[in-house]
file coords-v1.txt (compact mmCIF, C-alpha atoms and all ligand atoms)
# COMPACT_ATOMS: atom_id res chain seq x y z
CA MET A 5 86.95 58.81 109.15
CA LYS A 6 84.93 60.27 111.99
CA PHE A 7 85.51 63.56 113.79
CA ASP A 8 83.66 65.50 116.45
CA ALA A 9 83.81 68.58 114.24
CA ILE A 10 84.82 69.41 110.68
CA ILE A 11 85.71 73.00 109.92
CA ILE A 12 85.83 74.12 106.30
CA GLY A 13 88.23 77.04 105.69
CA ALA A 14 91.61 77.45 107.41
CA GLY A 15 91.52 81.23 107.66
CA ALA A 16 91.33 83.44 110.72
CA ALA A 17 87.97 82.21 112.04
CA GLY A 18 88.39 78.55 111.07
CA LEU A 19 91.84 78.12 112.68
CA PHE A 20 90.73 79.95 115.79
CA CYS A 21 87.61 77.82 116.16
CA ALA A 22 89.68 74.65 115.62
CA MET A 23 92.21 75.47 118.33
CA GLU A 24 89.45 76.31 120.81
CA ALA A 25 87.53 73.10 120.12
CA GLY A 26 90.78 71.11 120.21
CA ARG A 27 91.63 72.54 123.63
CA ARG A 28 88.39 71.04 124.90
CA GLY A 29 89.60 67.64 123.73
CA ARG A 30 87.45 67.53 120.62
CA LYS A 31 88.68 65.64 117.56
CA VAL A 32 88.73 68.27 114.82
CA LEU A 33 89.50 68.26 111.10
CA VAL A 34 90.12 71.50 109.19
CA ILE A 35 89.72 71.42 105.40
CA GLU A 36 91.41 74.09 103.26
CA HIS A 37 91.39 74.18 99.47
CA ASN A 38 94.51 76.34 99.19
CA ALA A 39 97.99 74.85 99.51
CA GLN A 40 98.65 77.27 102.37
CA VAL A 41 96.49 78.22 105.37
CA GLY A 42 95.64 81.81 106.38
CA ARG A 43 96.57 83.53 103.13
CA LYS A 44 94.44 86.57 103.91
CA ILE A 45 96.10 86.92 107.28
CA LEU A 46 99.49 86.87 105.54
CA ILE A 47 98.67 89.76 103.20
CA SER A 48 96.68 91.72 105.77
CA GLY A 49 97.72 95.07 107.17
CA GLY A 50 100.36 95.51 104.46
CA GLY A 51 102.07 92.28 105.65
CA ARG A 52 101.92 93.25 109.34
CA CYS A 53 98.34 92.14 110.15
CA ASN A 54 96.25 94.66 112.03
CA PHE A 55 95.07 91.80 114.25
CA THR A 56 92.68 93.70 116.51
CA ASN A 57 91.69 97.12 117.80
CA ARG A 58 91.97 98.18 121.43
CA ALA A 59 88.54 99.82 121.34
CA VAL A 60 86.14 97.36 119.71
CA LYS A 61 82.48 98.31 120.11
CA PRO A 62 79.36 96.88 118.45
CA GLU A 63 78.97 100.26 116.68
CA ASN A 64 82.11 99.45 114.67
CA PHE A 65 80.24 96.72 112.78
CA VAL A 66 77.63 96.83 110.03
CA SER A 67 74.88 94.20 110.16
CA ARG A 68 71.12 94.00 109.61
CA ASN A 69 71.02 93.20 113.32
CA PRO A 70 73.46 95.55 115.08
CA HIS A 71 73.02 93.66 118.38
CA PHE A 72 74.04 90.25 117.02
CA CYS A 73 77.80 90.73 117.40
CA LYS A 74 77.61 91.84 121.05
CA SER A 75 77.63 88.46 122.76
CA ALA A 76 80.60 86.98 120.88
CA LEU A 77 82.63 90.20 121.14
CA ALA A 78 82.00 90.35 124.89
CA ARG A 79 83.04 86.74 125.44
CA TYR A 80 86.29 86.94 123.51
CA THR A 81 87.65 90.48 123.63
CA PRO A 82 90.58 92.31 122.02
CA GLN A 83 92.36 92.02 125.39
CA ASP A 84 92.02 88.23 125.27
CA PHE A 85 93.65 88.17 121.84
CA ILE A 86 96.37 90.59 122.99
CA GLU A 87 97.17 88.18 125.85
CA LEU A 88 97.50 85.32 123.36
CA VAL A 89 99.80 87.39 121.15
CA LYS A 90 101.92 88.30 124.19
CA LYS A 91 102.07 84.64 125.28
CA HIS A 92 103.60 83.87 121.89
CA ARG A 93 106.08 86.74 122.34
CA ILE A 94 104.92 88.52 119.21
CA GLU A 95 105.89 92.17 119.34
CA PHE A 96 103.22 94.61 118.29
CA TYR A 97 102.52 98.33 118.20
CA GLU A 98 99.60 100.71 117.97
CA LYS A 99 99.70 102.50 114.63
CA LYS A 100 96.76 104.86 115.21
CA LEU A 101 93.20 104.85 116.54
CA GLY A 102 93.73 101.71 118.65
CA GLN A 103 94.89 99.64 115.63
CA LEU A 104 97.38 96.93 116.69
CA PHE A 105 99.89 95.58 114.16
CA CYS A 106 102.69 92.99 114.35
CA ARG A 107 106.03 94.77 114.51
CA GLU A 108 107.67 92.12 112.34
CA SER A 109 105.27 90.18 110.12
CA SER A 110 101.77 88.77 109.78
CA HIS A 111 103.45 85.33 109.41
CA GLN A 112 103.76 85.41 113.20
CA ILE A 113 99.97 85.38 113.62
CA VAL A 114 99.59 82.39 111.28
CA GLU A 115 102.45 80.61 113.08
CA MET A 116 100.78 81.32 116.40
CA LEU A 117 97.46 79.86 115.25
CA LEU A 118 99.20 76.81 113.80
CA ALA A 119 101.20 76.28 117.01
CA GLU A 120 97.97 76.39 119.03
CA CYS A 121 96.34 73.96 116.59
CA ARG A 122 99.31 71.56 116.85
CA LYS A 123 99.10 71.69 120.65
CA ALA A 124 95.42 70.80 120.41
CA THR A 125 96.23 67.98 117.89
CA ILE A 126 94.06 69.41 115.15
CA GLU A 127 94.27 67.72 111.76
CA ILE A 128 94.58 70.21 108.91
CA ARG A 129 94.22 69.08 105.31
CA THR A 130 95.35 71.58 102.68
CA ASN A 131 94.83 71.23 98.90
CA CYS A 132 91.57 69.54 99.82
CA THR A 133 88.46 70.27 97.75
CA VAL A 134 84.99 69.68 99.11
CA LYS A 135 82.76 67.96 96.54
CA ASN A 136 79.58 67.41 98.49
CA ILE A 137 78.04 67.89 101.90
CA SER A 138 75.05 65.97 103.20
CA LYS A 139 73.39 65.50 106.56
CA ASN A 140 71.52 62.67 108.20
CA ASP A 141 72.22 62.35 111.90
CA LEU A 142 75.81 63.26 111.13
CA PHE A 143 77.38 65.48 108.47
CA ARG A 144 79.12 63.70 105.62
CA VAL A 145 81.75 65.72 103.75
CA GLU A 146 83.01 64.26 100.47
CA THR A 147 86.37 65.65 99.39
CA SER A 148 89.23 65.15 96.97
CA GLN A 149 91.05 63.41 99.85
CA GLY A 150 88.28 61.05 100.92
CA ASN A 151 85.03 61.17 102.84
CA PHE A 152 84.69 62.34 106.42
CA ILE A 153 81.85 62.36 108.90
CA ALA A 154 81.28 64.53 111.94
CA GLU A 155 78.65 65.51 114.44
CA SER A 156 79.28 69.25 113.88
CA LEU A 157 80.12 71.17 110.74
CA VAL A 158 81.55 74.70 110.82
CA ILE A 159 81.63 76.77 107.65
CA ALA A 160 84.45 79.33 107.81
CA THR A 161 85.21 79.95 104.15
CA GLY A 162 85.19 83.76 104.39
CA GLY A 163 83.78 86.36 102.01
CA LEU A 164 84.13 87.02 98.30
CA SER A 165 86.91 89.60 98.35
CA PHE A 166 90.33 88.83 96.89
CA PRO A 167 89.37 85.78 94.77
CA LYS A 168 92.99 85.60 93.55
CA ILE A 169 94.06 84.22 96.94
CA GLY A 170 91.28 81.67 97.16
CA ALA A 171 88.05 83.42 98.18
CA THR A 172 84.99 81.53 96.95
CA ASP A 173 81.22 81.62 97.28
CA PHE A 174 81.32 78.16 98.88
CA GLY A 175 79.87 79.25 102.23
CA TYR A 176 76.92 81.04 100.62
CA ARG A 177 76.20 77.96 98.50
CA ILE A 178 76.11 75.76 101.60
CA ALA A 179 73.81 78.29 103.30
CA ARG A 180 71.48 78.06 100.29
CA GLN A 181 71.66 74.26 100.29
CA PHE A 182 70.22 74.37 103.83
CA ASP A 183 67.65 77.06 102.88
CA LEU A 184 69.21 79.78 105.00
CA LYS A 185 68.61 83.47 104.30
CA ILE A 186 71.48 85.50 102.89
CA VAL A 187 71.72 89.27 103.17
CA GLU A 188 72.77 90.68 99.79
CA THR A 189 76.57 90.72 99.51
CA LYS A 190 78.60 93.73 98.32
CA PRO A 191 82.28 94.64 98.16
CA ALA A 192 83.22 96.79 101.18
CA LEU A 193 86.25 98.56 102.61
CA VAL A 194 86.89 99.40 98.99
CA ALA A 195 87.76 102.38 96.77
CA LEU A 196 84.84 104.16 95.09
CA VAL A 197 84.56 105.07 91.40
CA ALA A 198 83.41 108.64 90.67
CA ALA A 199 80.28 109.04 88.54
CA ASN A 200 81.69 112.07 86.66
CA SER A 201 84.86 114.07 86.11
CA ALA A 202 87.14 111.19 85.14
CA ALA A 203 89.59 113.71 83.64
CA SER A 204 90.14 115.68 86.84
CA PHE A 205 90.58 112.50 88.86
CA LYS A 206 93.39 111.45 86.53
CA LYS A 207 95.13 114.77 87.13
CA LEU A 208 94.74 114.45 90.88
CA ALA A 209 95.72 110.76 91.18
CA GLY A 210 98.06 110.30 94.12
CA VAL A 211 96.96 113.42 96.03
CA SER A 212 96.05 112.70 99.65
CA ILE A 213 94.01 115.04 101.88
CA ASP A 214 92.95 114.91 105.53
CA ALA A 215 89.16 115.04 105.16
CA SER A 216 85.92 114.30 106.90
CA VAL A 217 83.74 111.98 104.81
CA SER A 218 80.05 111.56 105.63
CA PHE A 219 77.18 109.42 104.44
CA GLY A 220 73.90 109.68 106.35
CA LYS A 221 74.72 109.76 110.05
CA GLN A 222 78.12 108.13 109.60
CA SER A 223 81.28 110.25 109.42
CA PHE A 224 84.98 109.39 109.28
CA ARG A 225 87.87 111.81 109.58
CA GLU A 226 90.99 110.36 107.99
CA ASN A 227 92.85 110.73 104.70
CA ILE A 228 91.25 110.41 101.30
CA LEU A 229 93.37 109.50 98.29
CA PHE A 230 92.59 110.51 94.68
CA THR A 231 92.86 107.63 92.21
CA HIS A 232 92.57 107.60 88.41
CA ARG A 233 88.91 106.65 88.69
CA GLY A 234 87.72 108.14 91.96
CA LEU A 235 88.65 108.10 95.60
CA SER A 236 90.34 105.71 98.00
CA GLY A 237 92.20 106.11 101.32
CA PRO A 238 91.06 105.11 104.80
CA ALA A 239 88.13 107.57 105.11
CA ILE A 240 86.69 106.37 101.79
CA LEU A 241 87.18 102.68 102.62
CA GLN A 242 85.33 103.28 105.90
CA ILE A 243 82.41 105.07 104.24
CA SER A 244 82.18 102.34 101.56
CA ASN A 245 80.66 100.10 104.28
CA TYR A 246 77.69 102.51 104.37
CA TRP A 247 77.56 104.03 100.86
CA GLN A 248 74.52 103.35 98.68
CA LYS A 249 74.24 103.84 94.94
CA ASN A 250 72.54 106.99 93.59
CA LYS A 251 73.12 108.88 96.83
CA THR A 252 75.83 111.47 97.30
CA VAL A 253 78.69 111.37 99.80
CA SER A 254 79.63 114.63 101.50
CA ILE A 255 83.31 115.42 101.90
CA ASP A 256 84.72 118.23 104.02
CA LEU A 257 88.09 118.81 102.38
CA SER A 258 89.13 121.27 105.04
CA PRO A 259 87.77 119.91 108.32
CA SER A 260 90.04 122.09 110.47
CA ALA A 261 89.11 125.37 108.80
CA ASP A 262 85.81 127.00 107.97
CA VAL A 263 86.63 128.16 104.44
CA SER A 264 83.80 130.70 104.41
CA GLU A 265 85.23 132.44 107.51
CA LEU A 266 88.77 132.20 106.17
CA LEU A 267 87.84 133.86 102.87
CA GLU A 268 85.72 136.47 104.64
CA LYS A 269 88.62 137.40 106.93
CA ASN A 270 90.96 137.62 103.93
CA SER A 271 88.59 139.29 101.47
CA GLU A 272 91.25 141.93 100.71
CA ASN A 273 93.97 139.35 100.03
CA ARG A 274 95.65 139.74 96.61
CA GLN A 275 96.97 136.21 96.25
CA ASN A 276 95.46 134.08 93.50
CA LEU A 277 92.82 131.72 94.91
CA ASP A 278 94.88 128.55 94.27
CA ASN A 279 97.94 129.99 96.03
CA PHE A 280 95.81 131.27 98.87
CA LEU A 281 94.10 127.90 99.38
CA SER A 282 97.36 125.99 99.32
CA ARG A 283 97.73 127.09 102.97
CA ILE A 284 94.96 124.58 103.84
CA LEU A 285 95.09 122.16 100.88
CA PRO A 286 97.88 120.38 98.96
CA ASN A 287 99.24 122.56 96.11
CA ARG A 288 98.34 120.16 93.32
CA PHE A 289 94.79 119.82 94.57
CA ALA A 290 94.37 123.58 94.95
CA GLU A 291 95.62 124.12 91.37
CA VAL A 292 93.55 121.45 89.62
CA PHE A 293 90.37 121.54 91.64
CA ILE A 294 90.12 125.33 91.79
CA ALA A 295 91.07 125.86 88.14
CA GLU A 296 88.30 123.47 87.12
CA GLN A 297 85.62 124.74 89.41
CA PHE A 298 86.23 128.54 89.53
CA SER A 299 88.17 131.16 87.65
CA ASN A 300 91.52 131.51 89.32
CA LYS A 301 91.92 135.17 90.24
CA PRO A 302 93.03 137.15 93.30
CA VAL A 303 90.93 136.51 96.41
CA ASN A 304 89.89 140.17 96.67
CA GLN A 305 88.15 139.91 93.29
CA PHE A 306 85.62 137.30 94.49
CA GLY A 307 82.26 138.61 95.70
CA LYS A 308 80.47 137.24 98.76
CA THR A 309 78.28 134.81 96.78
CA GLU A 310 81.29 133.37 94.96
CA ARG A 311 83.21 133.05 98.24
CA GLU A 312 80.32 131.09 99.67
CA GLN A 313 80.21 128.83 96.63
CA ILE A 314 83.91 128.11 97.03
CA ALA A 315 83.49 127.44 100.75
CA SER A 316 80.61 125.09 100.15
CA LYS A 317 82.60 123.15 97.50
CA LEU A 318 85.42 122.68 99.96
CA ASN A 319 83.63 122.17 103.27
CA ASP A 320 80.72 120.21 101.81
CA TRP A 321 81.76 118.65 98.48
CA GLN A 322 78.83 116.51 97.31
CA ILE A 323 80.13 113.67 95.19
CA GLU A 324 78.31 110.86 93.47
CA PHE A 325 79.94 107.48 92.90
CA SER A 326 78.89 105.04 90.19
CA GLY A 327 80.24 101.97 91.96
CA THR A 328 83.16 100.38 93.77
CA GLU A 329 86.42 98.88 92.56
CA GLY A 330 84.83 95.46 93.21
CA TYR A 331 85.77 92.26 95.00
CA ASP A 332 89.27 92.18 93.45
CA LYS A 333 90.20 95.22 95.52
CA ALA A 334 87.75 95.06 98.44
CA GLU A 335 89.11 94.09 101.84
CA VAL A 336 85.84 92.55 102.96
CA THR A 337 82.34 91.49 101.91
CA LEU A 338 79.30 93.26 103.30
CA GLY A 339 76.22 91.10 103.99
CA GLY A 340 76.29 87.31 104.12
CA VAL A 341 74.52 84.58 106.07
CA SER A 342 71.66 86.32 107.87
CA THR A 343 72.10 86.66 111.60
CA ASP A 344 68.38 85.77 111.91
CA GLU A 345 69.43 82.20 111.13
CA LEU A 346 72.12 81.96 113.82
CA SER A 347 72.43 81.87 117.58
CA SER A 348 74.48 84.88 118.68
CA GLN A 349 75.87 82.77 121.56
CA THR A 350 77.22 79.87 119.52
CA MET A 351 76.88 80.72 115.79
CA GLU A 352 74.83 77.54 115.36
CA CYS A 353 71.99 77.60 112.84
CA LYS A 354 68.66 77.79 114.58
CA ARG A 355 67.04 75.55 111.97
CA VAL A 356 69.90 73.11 111.24
CA LYS A 357 71.28 71.46 114.35
CA ASN A 358 75.10 71.28 114.59
CA LEU A 359 75.72 73.49 111.55
CA TYR A 360 77.72 76.67 112.29
CA PHE A 361 78.78 79.75 110.29
CA ILE A 362 81.58 81.99 111.54
CA GLY A 363 83.80 84.88 110.41
CA GLU A 364 83.30 87.11 107.42
CA LEU A 365 80.73 84.78 105.91
CA VAL A 366 78.19 86.03 108.45
CA ASP A 367 76.36 89.34 107.97
CA VAL A 368 78.70 91.17 110.36
CA THR A 369 81.25 93.50 108.74
CA GLY A 370 83.74 95.57 110.67
CA TRP A 371 85.30 98.94 110.02
CA LEU A 372 88.85 99.25 108.80
CA GLY A 373 91.27 98.95 111.71
CA GLY A 374 91.45 95.38 113.06
CA TYR A 375 87.72 94.94 113.65
CA ASN A 376 87.25 92.22 111.05
CA PHE A 377 89.92 90.00 112.56
CA GLN A 378 88.45 90.56 116.01
CA TRP A 379 85.11 89.35 114.65
CA ALA A 380 86.84 86.28 113.17
CA TRP A 381 88.49 85.47 116.55
CA SER A 382 85.34 86.17 118.59
CA SER A 383 82.91 84.26 116.36
CA GLY A 384 85.44 81.40 116.03
CA PHE A 385 85.77 81.33 119.82
CA ALA A 386 81.97 81.22 120.29
CA ALA A 387 81.59 78.17 118.04
CA GLY A 388 84.80 76.62 119.39
CA GLN A 389 83.27 76.35 122.87
CA VAL A 390 80.41 74.14 121.72
CA VAL A 391 81.31 72.09 118.63
C1 LIG B 401 94.17 92.80 101.45
C2 LIG B 401 93.42 92.58 102.74
C3 LIG B 401 93.93 93.13 103.91
C4 LIG B 401 93.20 92.97 105.10
N1 LIG B 401 93.73 93.50 106.24
C5 LIG B 401 93.05 93.38 107.41
C6 LIG B 401 93.61 93.85 108.63
O1 LIG B 401 94.76 94.30 108.69
N2 LIG B 401 92.82 93.76 109.76
C7 LIG B 401 91.58 93.18 109.75
O2 LIG B 401 90.92 93.11 110.80
N3 LIG B 401 91.07 92.65 108.62
C8 LIG B 401 91.78 92.73 107.46
N4 LIG B 401 91.26 92.17 106.31
C9 LIG B 401 89.98 91.41 106.41
C10 LIG B 401 90.29 90.02 107.03
O3 LIG B 401 91.36 89.44 106.33
C11 LIG B 401 89.07 89.12 106.93
O4 LIG B 401 87.93 89.76 107.43
C12 LIG B 401 89.31 87.81 107.71
O5 LIG B 401 90.40 87.11 107.16
C13 LIG B 401 88.06 86.95 107.67
O6 LIG B 401 88.35 85.73 108.29
P1 LIG B 401 87.60 84.40 107.81
O7 LIG B 401 88.25 83.29 108.54
O8 LIG B 401 86.15 84.59 107.91
O9 LIG B 401 87.94 84.28 106.27
P2 LIG B 401 89.36 84.05 105.58
O10 LIG B 401 90.46 84.52 106.46
O11 LIG B 401 89.23 84.63 104.22
O12 LIG B 401 89.47 82.48 105.50
C14 LIG B 401 88.67 81.69 104.67
C15 LIG B 401 89.44 80.45 104.29
O13 LIG B 401 88.57 79.55 103.63
C16 LIG B 401 89.23 79.04 102.49
N5 LIG B 401 88.24 78.61 101.51
C17 LIG B 401 87.45 79.37 100.72
N6 LIG B 401 86.67 78.60 99.95
C18 LIG B 401 86.96 77.33 100.28
C19 LIG B 401 86.47 76.08 99.83
N7 LIG B 401 85.54 76.00 98.87
N8 LIG B 401 87.00 74.94 100.37
C20 LIG B 401 87.94 75.02 101.32
N9 LIG B 401 88.44 76.18 101.78
C21 LIG B 401 87.96 77.31 101.27
C22 LIG B 401 90.08 80.19 102.01
O14 LIG B 401 91.11 79.76 101.17
C23 LIG B 401 90.57 80.75 103.34
O15 LIG B 401 91.75 80.11 103.78
C24 LIG B 401 91.96 92.27 105.12
C25 LIG B 401 91.49 91.72 103.94
C26 LIG B 401 92.21 91.85 102.75
C27 LIG B 401 91.67 91.22 101.49
call {"tool": "encode", "arguments": {"input": "coords-v1.txt", "output": "structure tokens", "more": "lines below"}}
Ligand SMILES: Cc1cc2nc3c(=O)[nH]c(=O)nc-3n(C[C@H](O)[C@H](O)[C@H](O)COP(=O)(O)OP(=O)(O)OC[C@H]3O[C@@H](n4cnc5c(N)ncnc54)[C@H](O)[C@@H]3O)c2cc1C
result
Amino acid sequence: MKFDAIIIGAGAAGLFCAMEAGRRGRKVLVIEHNAQVGRKILISGGGRCNFTNRAVKPENFVSRNPHFCKSALARYTPQDFIELVKKHRIEFYEKKLGQLFCRESSHQIVEMLLAECRKATIEIRTNCTVKNISKNDLFRVETSQGNFIAESLVIATGGLSFPKIGATDFGYRIARQFDLKIVETKPALVALVAANSAASFKKLAGVSIDASVSFGKQSFRENILFTHRGLSGPAILQISNYWQKNKTVSIDLSPSADVSELLEKNSENRQNLDNFLSRILPNRFAEVFIAEQFSNKPVNQFGKTEREQIASKLNDWQIEFSGTEGYDKAEVTLGGVSTDELSSQTMECKRVKNLYFIGELVDVTGWLGGYNFQWAWSSGFAAGQVV
């Protein structure tokens, strides 16, 4: 059976690319190994799919080549996707920081993509396993449901995170088969495991604090959440895209108050330190953290040097992490098919004609907040215009 284009992976990028190519009258086959398409979309955003962000900029993405994403993001913008969502009468709302979510359910986004694919007469085969891919003039894809040939082949099988819903290393294997460079992959948008102090983390599990988390030049001000093994919460997930092993992360646990000034101004205060600090920090945190780090006595009994030590612990807590919670918990995969290998206009491989890589598989990883879906739509759109 011959197609103009075969797309492997019926996730965000694959379905989007298919509907765009189909609109141009191309004969397209989408191959998905799961029984259901778009499983990651379904579980995304807590079931409400944070489908884009109003303010997408190239700076919101991590890649060896920070310029690579610009062309695709400029050609298919968040506003374009918002128009599509509106056309399908899907209600949405802005949760915070430009993040747009479905009001009802992420099912609506999958239904929308499927409706567009139906309109463009795309053939989608689920429960279909690819056994082999080869290329002469055309690509030949051997599967559990027969053999197919096509002029163009698009690999859209996503990253390694959440293997329990069907993530595989398929795309990276195909990249290797064609001798393409891969930037080392790592779990990202993921909780971090503390190198020390397991005991105090257990006691603090569940505590959430508005904090400013920094690594190198990158800083995020959002909540952090203590877990049994370390830290999670949006600010930590964001910094996990940048974090490197054996280097400390700096956390300002009181970004709205300079603790040194506060203690200085209140140096005659007779409240115990933990009670005093509970005006700027959650009670449980103040109790556990302070009791472990300092002797808990009235504020007026701390000398200047001690006050400065306390302030520095709170405004600039240096913490080392031993690792991440891994691909089982990570929202995305950092790294992937090197952008050096691809055209930023079309996502086609420079060295293998008519072979395309799109979505999370490529070395372009977005921040938390709808950026990764926008990359899936934009890169899918770019390839969809040419396959
Ligand atoms: C829990 C969770 C929540 C998330 N929430 C958000 C959010 O709210 N906003 C946001 O922007 N991003 C979110 N993300 C990230 C986002 O889901 C991904 O970045 C996005 O889905 C990537 O799109 P993709 O098409 O490249 O890959 P995917 O959507 O993962 O699609 C890949 C498809 O390929 C299929 N596949 C894999 N291997 C094979 C194979 N060998 N043969 C055939 N098919 C195969 C998979 O089954 C899948 O259907 C979330 C991720 C997770 C895990």
call {"tool": "closest_atom_pairs", "arguments": {"input": "coords-v1.txt", "of": "chain A", "to": "ligand LIG 401 (chain B)", "cutoff": "7 Å", "atoms": "all atoms listed in the file", "output": "CSV"}}
result
residue,atom,partner,partner_atom,distance
A:Ile12,CA,B:LIG401,C20,5.5
A:Gly13,CA,B:LIG401,O13,3.3
A:Ala14,CA,B:LIG401,O15,4.5
A:Gly15,CA,B:LIG401,O12,3.2
A:Ala16,CA,B:LIG401,O7,3.8
A:Ala17,CA,B:LIG401,O7,3.7
A:Gly18,CA,B:LIG401,O7,5.4
A:Ile35,CA,B:LIG401,C20,5.7
A:Glu36,CA,B:LIG401,N9,3.9
A:His37,CA,B:LIG401,C20,4.0
A:Asn38,CA,B:LIG401,O14,5.2
A:Val41,CA,B:LIG401,O15,5.3
A:Gly42,CA,B:LIG401,O15,5.0
A:Arg43,CA,B:LIG401,O15,5.9
A:Lys44,CA,B:LIG401,O3,4.9
A:Ile45,CA,B:LIG401,O3,5.5
A:Ile47,CA,B:LIG401,C1,5.7
A:Ser48,CA,B:LIG401,N1,3.5
A:Gly49,CA,B:LIG401,O1,3.4
A:Gly50,CA,B:LIG401,C3,6.9
A:Cys53,CA,B:LIG401,O1,4.4
A:Asn54,CA,B:LIG401,O1,3.7
A:Phe55,CA,B:LIG401,N2,5.4
A:Thr56,CA,B:LIG401,O2,6.0
A:Cys132,CA,B:LIG401,C20,6.7
A:Thr133,CA,B:LIG401,N8,5.6
A:Val134,CA,B:LIG401,N8,5.8
A:Ala160,CA,B:LIG401,O8,5.5
A:Thr161,CA,B:LIG401,O13,3.4
A:Gly162,CA,B:LIG401,O9,3.4
A:Gly163,CA,B:LIG401,O11,6.1
A:Ser165,CA,B:LIG401,C27,5.9
A:Phe166,CA,B:LIG401,C27,5.4
A:Ile169,CA,B:LIG401,O14,6.8
A:Gly170,CA,B:LIG401,O14,4.4
A:Ala171,CA,B:LIG401,C17,4.8
A:Thr172,CA,B:LIG401,N6,4.5
A:Asp173,CA,B:LIG401,N6,6.8
A:Phe174,CA,B:LIG401,N7,4.7
A:Ala334,CA,B:LIG401,C27,6.3
A:Glu335,CA,B:LIG401,C27,3.9
A:Val336,CA,B:LIG401,C9,5.5
A:Ile362,CA,B:LIG401,O8,6.4
A:Gly363,CA,B:LIG401,O8,3.4
A:Glu364,CA,B:LIG401,O8,3.8
A:Leu365,CA,B:LIG401,O8,5.8
A:Leu372,CA,B:LIG401,C7,6.7
A:Gly373,CA,B:LIG401,N2,5.8
A:Gly374,CA,B:LIG401,O2,3.2
A:Tyr375,CA,B:LIG401,O2,4.7
A:Asn376,CA,B:LIG401,O2,3.8
A:Phe377,CA,B:LIG401,O2,3.7
A:Gln378,CA,B:LIG401,O2,6.3
A:Ala380,CA,B:LIG401,O6,5.1
call {"tool": "atom_distance", "arguments": {"input": "coords-v1.txt", "atom1": "CA of Ser75 in chain A", "atom2": "CA of Ser347 in chain A"}}
result
9.9 Å
call {"tool": "residues_near_point", "arguments": {"input": "coords-v1.txt", "point": "(94.9, 122.2, 99.7)", "cutoff": "10 Å", "atoms": "all atoms listed in the file", "output": "PyMOL selection string"}}
result
chain A and resi 211-214+257-258+278-291+293-294+318
call {"tool": "atom_distance", "arguments": {"input": "coords-v1.txt", "atom1": "CA of Leu267 in chain A", "atom2": "CA of Asp320 in chain A"}}
result
15.4 Å
call {"tool": "closest_residue", "arguments": {"input": "coords-v1.txt", "among": "A:Phe230, A:Phe298, A:Tyr360, A:Trp379", "to": "Val66 in chain A", "atoms": "only C-alpha atoms"}}
result
A:Trp379
call {"tool": "residues_around", "arguments": {"input": "coords-v1.txt", "residues": "Val158 in chain A", "least_positions_apart": "3", "cutoff": "12 Å", "atoms": "only C-alpha atoms", "output": "ChimeraX atom specification"}}
result
/A:8-14,17-22,25,32-35,137,143,145,154-155,161-162,175,178-179,350-353,356-363,365,383-388,390-391
